[in-house]
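data-v6.txt follows (compact mmCIF, C-alpha atoms):
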# COMPACT_ATOMS: atom_id res chain seq x y z
CA MET E 273 0.00 0.00 0.00
CA GLU E 274 1.57 3.25 -1.06
CA LEU E 275 0.67 6.66 -2.40
CA THR E 276 2.70 8.66 -4.89
CA ASP E 277 3.54 12.31 -4.19
CA ARG E 278 0.89 13.29 -6.70
CA GLU E 279 -1.73 11.13 -5.03
CA ILE E 280 -0.84 12.57 -1.61
CA TRP E 281 -1.28 16.13 -2.91
CA ALA E 282 -4.51 15.20 -4.67
CA VAL E 283 -5.78 13.79 -1.36
CA ILE E 284 -4.69 16.91 0.57
CA HIS E 285 -6.29 19.20 -2.02
CA GLY E 286 -9.51 17.35 -2.60
CA LEU E 287 -10.21 15.17 0.39
CA ILE E 288 -8.58 16.68 3.48
CA LEU E 289 -9.09 20.37 2.66
CA GLY E 290 -12.43 19.56 1.03
CA THR E 291 -13.66 17.85 4.19
CA LEU E 292 -12.47 20.71 6.39
CA PHE E 293 -14.22 23.17 4.06
CA LEU E 294 -17.47 21.24 4.32
CA LEU E 295 -17.23 21.07 8.12
CA ALA E 296 -16.44 24.77 8.44
CA PHE E 297 -19.30 25.68 6.10
CA THR E 298 -21.75 23.62 8.13
CA GLY E 299 -20.63 25.18 11.42
CA GLY E 300 -20.63 28.69 9.98
CA LEU E 301 -24.01 28.33 8.32
CA VAL E 302 -25.64 27.01 11.50
CA GLY E 303 -24.07 29.89 13.44
CA LEU E 304 -25.26 32.54 10.98
CA TRP E 305 -28.70 30.98 10.60
CA SER E 306 -29.38 31.00 14.34
CA LEU E 307 -27.87 34.42 14.91
CA GLN E 308 -31.18 36.05 15.77
CA ALA E 309 -31.72 38.31 18.75
CA ARG E 310 -34.80 36.46 19.94
CA TYR E 311 -32.90 33.18 20.28
CA VAL E 312 -29.88 34.31 22.30
CA THR E 313 -28.95 35.56 25.74
CA VAL E 314 -26.00 37.83 26.47
CA ALA E 315 -23.97 34.88 27.73
CA GLY E 316 -25.01 32.80 24.76
CA LEU E 317 -24.06 35.52 22.31
CA LYS E 318 -20.62 36.00 23.88
CA GLU E 319 -20.08 32.27 23.67
CA ARG E 320 -21.26 31.76 20.10
CA ILE E 321 -19.70 34.75 18.29
CA PRO E 322 -16.08 33.60 18.80
CA ARG E 323 -17.10 30.14 17.62
CA LEU E 324 -18.76 31.65 14.55
CA GLY E 325 -15.52 33.51 13.92
CA ILE E 326 -13.59 30.25 14.08
CA TRP E 327 -15.93 28.51 11.60
CA THR E 328 -16.02 31.37 9.09
CA GLY E 329 -12.28 32.05 9.50
CA THR E 330 -11.47 28.38 9.01
CA MET E 331 -13.60 28.24 5.87
CA ALA E 332 -11.80 31.27 4.44
CA VAL E 333 -8.32 29.90 5.22
CA VAL E 334 -9.21 26.45 3.88
CA ALA E 335 -10.67 27.99 0.71
CA TRP E 336 -7.38 29.83 0.04
CA LEU E 337 -5.31 26.72 0.76
CA THR E 338 -7.50 24.63 -1.53
CA VAL E 339 -7.29 26.95 -4.52
CA PHE E 340 -3.55 27.51 -4.08
CA THR E 341 -2.71 23.78 -3.82
CA GLY E 342 -5.08 23.06 -6.69
CA THR E 343 -3.73 25.74 -9.00
CA TRP E 344 -0.02 25.63 -8.23
CA ILE E 345 0.58 22.00 -7.28
CA VAL E 346 -2.02 19.64 -8.78
CA TYR E 347 -3.06 21.55 -11.92
CA PRO E 348 0.42 21.60 -13.56
CA TRP E 349 0.45 17.78 -13.35
CA TYR E 350 -3.00 17.69 -14.92
CA ARG E 351 -2.02 19.91 -17.88
CA ALA E 352 1.56 18.62 -18.42
CA ASP E 353 2.41 18.43 -22.13
CA PRO E 354 3.16 14.89 -23.44
CA THR E 355 4.35 16.12 -26.85
CA LYS E 356 7.63 17.18 -25.22
CA LEU E 357 8.27 13.45 -24.70
CA GLY E 358 7.07 12.57 -28.18
CA ILE E 359 3.91 10.86 -26.93
CA PRO E 360 1.04 11.02 -29.47
CA THR E 361 -2.03 12.88 -28.20
CA ASP E 362 -4.65 11.48 -30.57
CA VAL E 363 -5.05 8.05 -28.93
CA GLN E 364 -5.85 7.21 -25.29
CA SER E 365 -2.70 5.14 -24.89
CA GLU E 366 -1.13 3.84 -21.66
CA ALA E 367 1.69 6.40 -22.05
CA LEU E 368 -0.86 9.22 -22.30
CA LYS E 369 -2.50 8.25 -18.99
CA ASP E 370 0.13 10.27 -17.09
CA PHE E 371 -1.15 13.39 -18.86
CA PRO E 372 -4.83 13.66 -17.79
CA ARG E 373 -5.77 16.73 -19.85
CA TYR E 374 -4.49 15.23 -23.08
CA TRP E 375 -5.87 11.79 -22.22
CA LEU E 376 -9.36 13.25 -21.78
CA LEU E 377 -9.13 15.28 -24.99
CA ALA E 378 -7.95 12.27 -27.02
CA SER E 379 -11.46 10.83 -27.13
CA GLU E 380 -14.79 12.47 -27.90
CA ARG E 381 -16.26 10.25 -25.19
CA THR E 382 -14.21 11.98 -22.45
CA ALA E 383 -13.32 15.39 -23.96
CA GLN E 384 -16.20 17.18 -22.22
CA TRP E 385 -14.69 16.36 -18.83
CA HIS E 386 -11.94 18.79 -19.76
CA GLU E 387 -13.73 21.21 -22.08
CA PHE E 388 -16.66 21.73 -19.73
CA GLY E 389 -15.73 20.25 -16.35
CA MET E 390 -12.12 21.33 -15.88
CA GLU E 391 -12.55 24.64 -17.70
CA TRP E 392 -15.35 25.58 -15.29
CA LYS E 393 -13.82 24.06 -12.17
CA GLU E 394 -10.40 25.72 -12.42
CA HIS E 395 -12.00 29.18 -12.57
CA VAL E 396 -15.18 29.07 -10.51
CA ALA E 397 -13.29 27.69 -7.48
CA TRP E 398 -11.55 31.06 -7.10
CA LEU E 399 -14.80 32.81 -6.21
CA ALA E 400 -14.97 30.84 -2.95
CA PRO E 401 -12.01 32.41 -1.09
CA PHE E 402 -13.10 35.97 -1.95
CA LEU E 403 -16.63 35.44 -0.65
CA ALA E 404 -15.62 33.38 2.39
CA THR E 405 -12.98 35.96 3.34
CA ALA E 406 -15.50 38.82 3.17
CA VAL E 407 -17.88 36.97 5.50
CA ALA E 408 -15.09 35.96 7.91
CA PHE E 409 -13.87 39.56 8.02
CA VAL E 410 -17.30 40.93 8.89
CA VAL E 411 -17.78 38.39 11.69
CA ALA E 412 -14.30 39.06 13.11
CA TYR E 413 -14.44 42.86 12.73
CA TYR E 414 -17.90 43.44 14.18
CA GLY E 415 -18.10 40.56 16.69
CA VAL E 416 -21.13 40.75 18.99
CA ARG E 417 -22.24 43.97 17.28
CA ILE E 418 -23.65 41.84 14.45
CA ILE E 419 -26.64 40.97 16.63
CA ARG E 420 -27.66 44.64 16.47
CA LYS E 421 -27.64 44.52 12.69
CA PRO E 422 -30.30 41.95 11.79
CA GLU E 423 -30.44 43.26 8.23
CA TRP E 424 -26.89 41.92 7.72
CA ARG E 425 -27.81 38.32 8.50
CA TRP E 426 -29.21 37.36 5.09
CA PRO E 427 -26.42 38.99 3.09
CA LEU E 428 -23.89 37.08 5.21
CA ILE E 429 -25.77 33.79 4.77
CA VAL E 430 -26.12 34.28 1.01
CA LEU E 431 -22.47 35.22 0.40
CA PHE E 432 -21.30 32.39 2.65
CA SER E 433 -23.53 29.95 0.74
CA LEU E 434 -22.33 31.26 -2.64
CA ALA E 435 -18.76 30.56 -1.50
CA PHE E 436 -19.84 27.02 -0.75
CA ILE E 437 -21.67 26.60 -4.08
CA ALA E 438 -18.60 27.78 -6.04
CA ALA E 439 -16.40 25.34 -4.12
CA ALA E 440 -18.97 22.55 -4.45
CA VAL E 441 -19.06 22.91 -8.27
CA ALA E 442 -15.27 22.72 -8.31
CA GLY E 443 -15.16 19.83 -5.87
CA LEU E 444 -17.79 17.82 -7.71
CA PHE E 445 -16.07 18.16 -11.08
CA GLY E 446 -12.72 17.51 -9.41
CA ALA E 447 -14.03 14.18 -8.14
CA PHE E 448 -15.53 13.21 -11.53
CA ILE E 449 -12.42 14.24 -13.47
CA THR E 450 -10.15 12.38 -11.04
CA LYS E 451 -12.34 9.30 -11.55
CA ALA E 452 -12.04 9.62 -15.34
CA ALA E 453 -8.35 10.55 -15.47
CA PRO E 454 -6.50 10.52 -12.14
CA VAL E 455 -3.45 12.68 -11.51
CA ALA E 456 -1.16 9.89 -10.39
CA MET Z 38 -27.10 52.32 11.33
CA THR Z 39 -28.21 50.10 14.21
CA ALA Z 40 -31.53 48.33 14.00
CA GLN Z 41 -33.87 47.98 16.94
CA ILE Z 42 -33.61 44.48 18.39
CA ASP Z 43 -36.45 42.65 20.05
CA ASN Z 44 -34.56 41.06 22.95
CA PRO Z 45 -34.24 43.46 25.93
CA GLN Z 46 -31.51 41.31 27.47
CA LEU Z 47 -29.18 42.19 24.63
CA HIS Z 48 -29.39 45.88 25.50
CA GLU Z 49 -27.01 44.97 28.32
CA ILE Z 50 -24.22 44.49 25.83
CA VAL Z 51 -22.27 47.71 25.90
CA VAL Z 52 -19.96 48.03 22.93
CA SER Z 53 -19.23 51.03 20.78
CA ASP Z 54 -20.89 50.70 17.41
CA LYS Z 55 -18.83 50.50 14.22
CA PRO Z 56 -19.95 52.02 10.92
CA SER Z 57 -21.10 49.67 8.17
CA GLY Z 58 -18.53 50.93 5.64
CA PRO Z 59 -15.90 48.23 6.30
CA ALA Z 60 -18.49 45.45 5.87
CA ALA Z 61 -19.72 46.99 2.61
CA ALA Z 62 -16.11 47.33 1.41
CA ALA Z 63 -15.43 43.62 2.08
CA PHE Z 64 -18.62 42.57 0.26
CA VAL Z 65 -18.03 44.70 -2.83
CA ALA Z 66 -14.33 43.73 -3.00
CA ALA Z 67 -15.35 40.05 -3.05
CA GLY Z 68 -17.63 40.88 -5.96
CA ILE Z 69 -14.85 42.72 -7.79
CA GLY Z 70 -12.45 39.77 -7.30
CA SER Z 71 -15.11 37.41 -8.68
CA LEU Z 72 -15.74 39.68 -11.66
CA PHE Z 73 -12.02 39.77 -12.48
CA VAL Z 74 -11.86 35.96 -12.54
CA GLY Z 75 -14.56 36.04 -15.23
CA ILE Z 76 -12.90 38.87 -17.16
CA GLY Z 77 -9.61 36.96 -17.11
CA VAL Z 78 -11.31 33.91 -18.61
CA VAL Z 79 -12.85 35.95 -21.43
CA LEU Z 80 -9.63 37.85 -22.22
CA ASN Z 81 -7.73 34.56 -22.45
CA GLU Z 82 -10.36 32.73 -24.50
CA TYR Z 83 -10.69 35.58 -26.98
CA SER Z 84 -6.99 36.51 -26.99
CA ALA Z 85 -6.55 35.70 -30.70
CA GLN Z 86 -9.45 37.95 -31.70
CA ILE Z 87 -8.36 40.72 -29.31
CA LYS Z 88 -4.79 40.49 -30.61
CA SER Z 89 -5.97 40.91 -34.18
CA LEU Z 90 -8.02 43.95 -33.13
CA ILE Z 91 -5.71 45.85 -30.77
CA GLY Z 92 -2.45 43.92 -30.89
CA ILE Z 93 -2.40 42.78 -27.26
CA ASP Z 94 -1.85 39.05 -26.67
CA PHE Z 95 -3.62 38.35 -23.38
CA ASN Z 96 -2.87 34.64 -23.57
CA ALA Z 97 0.86 35.38 -23.51
CA PHE Z 98 0.48 38.13 -20.88
CA LEU Z 99 -1.50 35.92 -18.50
CA LYS Z 100 1.22 33.26 -18.34
CA PHE Z 101 2.56 34.68 -15.07
CA ASP Z 102 4.29 31.37 -14.36
CA ALA Z 103 6.53 31.81 -17.40
CA ASN Z 104 6.66 35.63 -17.38
CA PHE Z 105 7.32 36.19 -13.68
CA GLY Z 106 8.40 32.76 -12.41
CA LEU Z 107 5.22 32.34 -10.36
CA GLY Z 108 4.86 28.58 -10.52
CA ASN Z 109 5.74 26.16 -13.26
CA GLY Z 110 3.31 24.78 -15.80
CA VAL Z 111 0.23 26.62 -14.52
CA GLY Z 112 -0.16 28.55 -17.78
CA PRO Z 113 -2.60 31.45 -18.26
CA LEU Z 114 -4.57 30.41 -15.17
CA SER Z 115 -1.70 31.82 -13.08
CA GLY Z 116 -2.24 35.31 -14.49
CA LYS Z 117 -6.02 35.16 -14.38
CA VAL Z 118 -6.13 34.32 -10.69
CA ILE Z 119 -3.23 36.55 -9.60
CA VAL Z 120 -4.87 39.54 -11.32
CA ALA Z 121 -8.19 38.63 -9.65
CA VAL Z 122 -6.54 38.35 -6.22
CA LEU Z 123 -4.83 41.72 -6.74
CA ALA Z 124 -8.17 43.24 -7.79
CA PHE Z 125 -9.77 41.82 -4.65
CA VAL Z 126 -7.04 43.03 -2.28
CA ILE Z 127 -6.50 46.45 -3.86
CA SER Z 128 -10.21 47.24 -4.24
CA TRP Z 129 -10.81 46.12 -0.65
CA ALA Z 130 -8.01 48.35 0.65
CA ILE Z 131 -9.26 51.36 -1.33
CA LEU Z 132 -12.92 50.88 -0.41
CA HIS Z 133 -12.03 50.21 3.22
CA LEU Z 134 -10.06 53.45 3.42
CA MET Z 135 -12.86 55.37 1.69
CA TRP Z 136 -15.70 53.91 3.76
CA ARG Z 137 -14.16 52.98 7.11
CA LYS Z 138 -15.84 55.84 8.98
CA ARG Z 139 -19.01 56.00 6.88
CA GLU Z 140 -22.41 54.39 7.04
CA ILE Z 141 -22.94 52.58 3.75
CA ASN Z 142 -26.28 51.02 2.90
CA ILE Z 143 -25.49 47.34 3.35
CA GLN Z 144 -28.43 46.23 1.20
CA LYS Z 145 -27.14 48.26 -1.74
CA ALA Z 146 -23.62 46.94 -1.19
CA PHE Z 147 -25.00 43.41 -1.06
CA ILE Z 148 -27.00 43.80 -4.29
CA THR Z 149 -23.94 45.29 -6.00
CA THR Z 150 -21.89 42.34 -4.80
CA LEU Z 151 -24.47 39.84 -6.06
CA VAL Z 152 -24.48 41.45 -9.51
CA LEU Z 153 -20.66 41.39 -9.68
CA VAL Z 154 -20.52 37.77 -8.48
CA ALA Z 155 -23.25 36.73 -10.92
CA ILE Z 156 -21.37 38.26 -13.86
CA GLY Z 157 -18.09 36.68 -12.70
CA PHE Z 158 -19.79 33.33 -12.18
CA ALA Z 159 -21.45 33.47 -15.62
CA LEU Z 160 -18.19 34.35 -17.38
CA THR Z 161 -16.51 31.27 -15.90
CA PHE Z 162 -19.27 29.02 -17.29
CA PRO Z 163 -17.96 27.41 -20.50
CA PRO Z 164 -21.22 27.54 -22.53
CA ILE Z 165 -21.28 31.31 -21.90
CA PHE Z 166 -17.62 32.24 -22.38
CA THR Z 167 -17.38 30.13 -25.56
CA LEU Z 168 -20.57 31.61 -26.98
CA LEU Z 169 -18.86 33.93 -29.46
CA LEU Z 170 -15.81 31.79 -30.21
CA PRO Z 171 -15.46 31.00 -33.94
Just give me the structure as structure tokens.
Amino acid sequence: MELTDREIWAVIHGLILGTLFLLAFTGGLVGLWSLQARYVTVAGLKERIPRLGIWTGTMAVVAWLTVFTGTWIVYPWYRADPTKLGIPTDVQSEALKDFPRYWLLASERTAQWHEFGMEWKEHVAWLAPFLATAVAFVVAYYGVRIIRKPEWRWPLIVLFSLAFIAAAVAGLFGAFITKAAPVA
Amino acid sequence: MTAQIDNPQLHEIVVSDKPSGPAAAAFVAAGIGSLFVGIGVVLNEYSAQIKSLIGIDFNAFLKFDANFGLGNGVGPLSGKVIVAVLAFVISWAILHLMWRKREINIQKAFITTLVLVAIGFALTFPPIFTLLLP
């Protein structure tokens, strides 16, 4: 039983950071959803705001780590050019399997995984850290004051959820593409 | 602006209020960053047409990995996302400085952000950004 360096990074990028992202989103969403004045006491508010800050802050940090590892570590392996080694790119050969982008494009049956899936995934994922960071900043900067601004609750929930949706699109296509043509 | 809250207990919390400007700045900056991701995609996809029109090769420019040594083998994606991150950070810093002591209507900032994110999101969607490709 062993994992290559590429497999380890793919696991860190997709599975470990992806799981942390999902956990942080769940915690943050529950915290924002229940952040209503009629549900909380002073003691309860002082206890839950720091925890909300931890969830939203974790989601923002994990979002940045995920897009950076994806873009600068895993993606270059995905798009490596086999023609430099003289490997033909028009047939899904064994040699081409180490070059996922070209392997997918070599057949009409799999080309859409790159042309639609990867093309969307590699870009839309980058919306997640921007949105998650904005929400985390507001929670950290305003702290317990947020309870006095009930009109902020829905904007925070929506932007936080949009960050999740962007990451979910990327994560879903990442899983499908890895199934079709693993970076290994 | 501070809304009236319906839990008298919470009136016990004594903290100085902070203006809404910094929150609005963070929201809108996230929208601007998202928009720039989409713009980067379009500029790269249509680089051949743009080059023939105005002579600028965005595909070559966006290869920040090769041009500036920022990574190896990332290609134009490196430039698209670095430009978007810079747009996010710089716009946030500017808006924060402009609005840090001001009350900004958070609903308007939120709607603006949604519009920017929607455009950015749409421009990353392959059936949309390939719509006019020959």
Distance query 8 Å from (7.1, 6.5, -21.7) using all atoms listed in the file, result as number ranges by chain: E: 357, 359, 367
Atom CA of E:Val346 and atom CA of E:Phe445, how far apart in Å?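 So the answer is 14.3 Å.
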Around the point (-15.9, 33.9, -20.4) (coordinates from the file), which residues reach within 6 Å if we count all atoms listed in the file? Answer as a list in words.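 These residues have at least one counted atom within 6 Å: Gly75, Val78, Val79, Leu160, Thr161 and Phe166 of chain Z.
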Kindly give the distance, in Å, that separates atom CA of E:Gly290 and atom CA of Z:Ile148, rounded to a single decimal.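 Interatomic distance, atom CA of E:Gly290 to atom CA of Z:Ile148: 28.8 Å.
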Name all residues at most 8 Å from E:Arg351 (count only C-alpha atoms; drop same-chain ones fewer than 4 positions away) and give them as a PDB file with C-alpha atoms, in the coordinates of the input.
ATOM      1  CA  TYR E 347      -3.060  21.550 -11.920  1.00  0.00           C
ATOM      2  CA  PHE E 371      -1.150  13.390 -18.860  1.00  0.00           C
ATOM      3  CA  PRO E 372      -4.830  13.660 -17.790  1.00  0.00           C
ATOM      4  CA  ARG E 373      -5.770  16.730 -19.850  1.00  0.00           C
ATOM      5  CA  TYR E 374      -4.490  15.230 -23.080  1.00  0.00           C
TER       6      TYR E 374
ATOM      7  CA  GLY Z 110       3.310  24.780 -15.800  1.00  0.00           C
ATOM      8  CA  VAL Z 111       0.230  26.620 -14.520  1.00  0.00           C
TER       9      VAL Z 111
END
Excluding E:Thr382 and its own-chain neighbours fewer than 6 positions away, which residues fall within 9 Å of it when counting only C-alpha atoms? Please give them as a list in words.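 Returned residues: Trp375, Leu376 and Ala452 of chain E.
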I need the residue nearest Z:Pro56 from this list: E:Val410, E:Ala397, E:Leu324, E:Ile280. Use only C-alpha atoms for the distance.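 Closest candidate: E:Val410.
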For E:Thr330, the nearest of the candidates E:Ala440, E:Ala309, E:Val302, E:Ala404, counting only C-alpha atoms: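 Going through E:Ala440, E:Ala309, E:Val302, E:Ala404 one by one, the smallest distance to E:Thr330 is for E:Ala404.
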Using 7 Å as the limit and counting all atoms listed in the file, can you tabulate each residue of chain E that touches chain Z, with its shortest atom-to-atom distance in Å and the two atoms involved, as JSON lines?
{"residue": "E:Ala309", "atom": "CA", "partner": "Z:Asn44", "partner_atom": "CA", "distance": 5.8}
{"residue": "E:Arg310", "atom": "CA", "partner": "Z:Asn44", "partner_atom": "CA", "distance": 5.5}
{"residue": "E:Thr313", "atom": "CA", "partner": "Z:Gln46", "partner_atom": "CA", "distance": 6.5}
{"residue": "E:Val314", "atom": "CA", "partner": "Z:Leu47", "partner_atom": "CA", "distance": 5.7}
{"residue": "E:Thr343", "atom": "CA", "partner": "Z:Val111", "partner_atom": "CA", "distance": 6.9}
{"residue": "E:Trp344", "atom": "CA", "partner": "Z:Gly108", "partner_atom": "CA", "distance": 6.1}
{"residue": "E:Tyr347", "atom": "CA", "partner": "Z:Val111", "partner_atom": "CA", "distance": 6.6}
{"residue": "E:Pro348", "atom": "CA", "partner": "Z:Gly110", "partner_atom": "CA", "distance": 4.8}
{"residue": "E:Ala352", "atom": "CA", "partner": "Z:Gly110", "partner_atom": "CA", "distance": 6.9}
{"residue": "E:Phe388", "atom": "CA", "partner": "Z:Pro163", "partner_atom": "CA", "distance": 5.9}
{"residue": "E:Glu391", "atom": "CA", "partner": "Z:Pro163", "partner_atom": "CA", "distance": 6.7}
{"residue": "E:Trp392", "atom": "CA", "partner": "Z:Phe162", "partner_atom": "CA", "distance": 5.6}
{"residue": "E:His395", "atom": "CA", "partner": "Z:Thr161", "partner_atom": "CA", "distance": 6.0}
{"residue": "E:Val396", "atom": "CA", "partner": "Z:Thr161", "partner_atom": "CA", "distance": 6.0}
{"residue": "E:Leu399", "atom": "CA", "partner": "Z:Ser71", "partner_atom": "CA", "distance": 5.2}
{"residue": "E:Phe402", "atom": "CA", "partner": "Z:Ala67", "partner_atom": "CA", "distance": 4.8}
{"residue": "E:Leu403", "atom": "CA", "partner": "Z:Ala67", "partner_atom": "CA", "distance": 5.4}
{"residue": "E:Ala406", "atom": "CA", "partner": "Z:Ala63", "partner_atom": "CA", "distance": 4.9}
{"residue": "E:Val410", "atom": "CA", "partner": "Z:Ala60", "partner_atom": "CA", "distance": 5.6}
{"residue": "E:Arg417", "atom": "CA", "partner": "Z:Asp54", "partner_atom": "CA", "distance": 6.9}
{"residue": "E:Arg420", "atom": "CA", "partner": "Z:Ala40", "partner_atom": "CA", "distance": 5.9}
{"residue": "E:Lys421", "atom": "CA", "partner": "Z:Ala40", "partner_atom": "CA", "distance": 5.6}
{"residue": "E:Pro422", "atom": "CA", "partner": "Z:Ala40", "partner_atom": "CA", "distance": 6.9}
{"residue": "E:Pro427", "atom": "CA", "partner": "Z:Phe147", "partner_atom": "CA", "distance": 6.2}
Point-to-point distance in Å for atom CA of E:Glu319 and atom CA of E:Val411: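 Atom CA of E:Glu319 lies 13.6 Å from atom CA of E:Val411.
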My list of candidates is E:Trp327, E:Trp385, E:Phe340, E:Trp281. Which is closest to E:Phe409 when distances are computed with all atoms listed in the file?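 Ranked by minimum distance to E:Phe409, first place goes to E:Trp327.
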Which of these, E:Ala453, E:Ile418, E:Ala447, E:Ala438, has the shortest distance to E:His285 once you count only C-alpha atoms?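 For E:His285, the nearest of the given residues is E:Ala447.
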Stretch 395-402 of chain E from the block above, all heavy atoms, as a short mmCIF file (atom, residue, chain, number, x, y, z; two decimals), in the first residue's frame, please?
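Generated output (result_31.cif):
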data_model
loop_
_atom_site.label_atom_id
_atom_site.label_comp_id
_atom_site.auth_asym_id
_atom_site.auth_seq_id
_atom_site.Cartn_x
_atom_site.Cartn_y
_atom_site.Cartn_z
N HIS E 395 -11.73 27.75 -12.74
CA HIS E 395 -12.00 29.18 -12.57
C HIS E 395 -12.99 29.47 -11.45
O HIS E 395 -12.78 30.35 -10.62
CB HIS E 395 -12.51 29.77 -13.88
CG HIS E 395 -11.55 29.65 -15.01
ND1 HIS E 395 -11.78 28.86 -16.12
CD2 HIS E 395 -10.31 30.18 -15.18
CE1 HIS E 395 -10.74 28.94 -16.93
NE2 HIS E 395 -9.84 29.73 -16.39
N VAL E 396 -14.10 28.73 -11.45
CA VAL E 396 -15.18 29.07 -10.51
C VAL E 396 -14.72 28.86 -9.06
O VAL E 396 -15.20 29.54 -8.15
CB VAL E 396 -16.45 28.26 -10.83
CG1 VAL E 396 -16.35 26.81 -10.37
CG2 VAL E 396 -17.68 28.93 -10.22
N ALA E 397 -13.78 27.95 -8.84
CA ALA E 397 -13.29 27.69 -7.48
C ALA E 397 -12.75 28.95 -6.82
O ALA E 397 -12.85 29.13 -5.60
CB ALA E 397 -12.20 26.62 -7.52
N TRP E 398 -12.19 29.86 -7.65
CA TRP E 398 -11.55 31.06 -7.10
C TRP E 398 -12.53 32.09 -6.55
O TRP E 398 -12.13 33.04 -5.88
CB TRP E 398 -10.62 31.69 -8.15
CG TRP E 398 -9.30 31.01 -8.17
CD1 TRP E 398 -8.95 29.91 -8.91
CD2 TRP E 398 -8.15 31.32 -7.37
NE1 TRP E 398 -7.66 29.53 -8.62
CE2 TRP E 398 -7.15 30.38 -7.69
CE3 TRP E 398 -7.87 32.30 -6.43
CZ2 TRP E 398 -5.89 30.40 -7.09
CZ3 TRP E 398 -6.62 32.33 -5.83
CH2 TRP E 398 -5.65 31.39 -6.16
N LEU E 399 -13.82 31.90 -6.82
CA LEU E 399 -14.80 32.81 -6.21
C LEU E 399 -14.96 32.51 -4.72
O LEU E 399 -15.29 33.40 -3.93
CB LEU E 399 -16.17 32.67 -6.90
CG LEU E 399 -16.42 33.53 -8.15
CD1 LEU E 399 -15.38 33.27 -9.23
CD2 LEU E 399 -17.82 33.29 -8.70
N ALA E 400 -14.73 31.26 -4.34
CA ALA E 400 -14.97 30.84 -2.95
C ALA E 400 -14.12 31.59 -1.92
O ALA E 400 -14.67 32.09 -0.92
CB ALA E 400 -14.77 29.33 -2.83
N PRO E 401 -12.79 31.71 -2.12
CA PRO E 401 -12.01 32.41 -1.09
C PRO E 401 -12.37 33.89 -0.94
O PRO E 401 -12.33 34.42 0.18
CB PRO E 401 -10.55 32.23 -1.54
CG PRO E 401 -10.61 31.80 -2.95
CD PRO E 401 -11.92 31.10 -3.14
N PHE E 402 -12.72 34.54 -2.05
CA PHE E 402 -13.10 35.97 -1.95
C PHE E 402 -14.34 36.12 -1.07
O PHE E 402 -14.38 36.95 -0.15
CB PHE E 402 -13.40 36.55 -3.34
CG PHE E 402 -12.25 36.49 -4.31
CD1 PHE E 402 -12.48 36.33 -5.66
CD2 PHE E 402 -10.94 36.60 -3.88
CE1 PHE E 402 -11.44 36.27 -6.57
CE2 PHE E 402 -9.88 36.54 -4.78
CZ PHE E 402 -10.13 36.37 -6.13
#
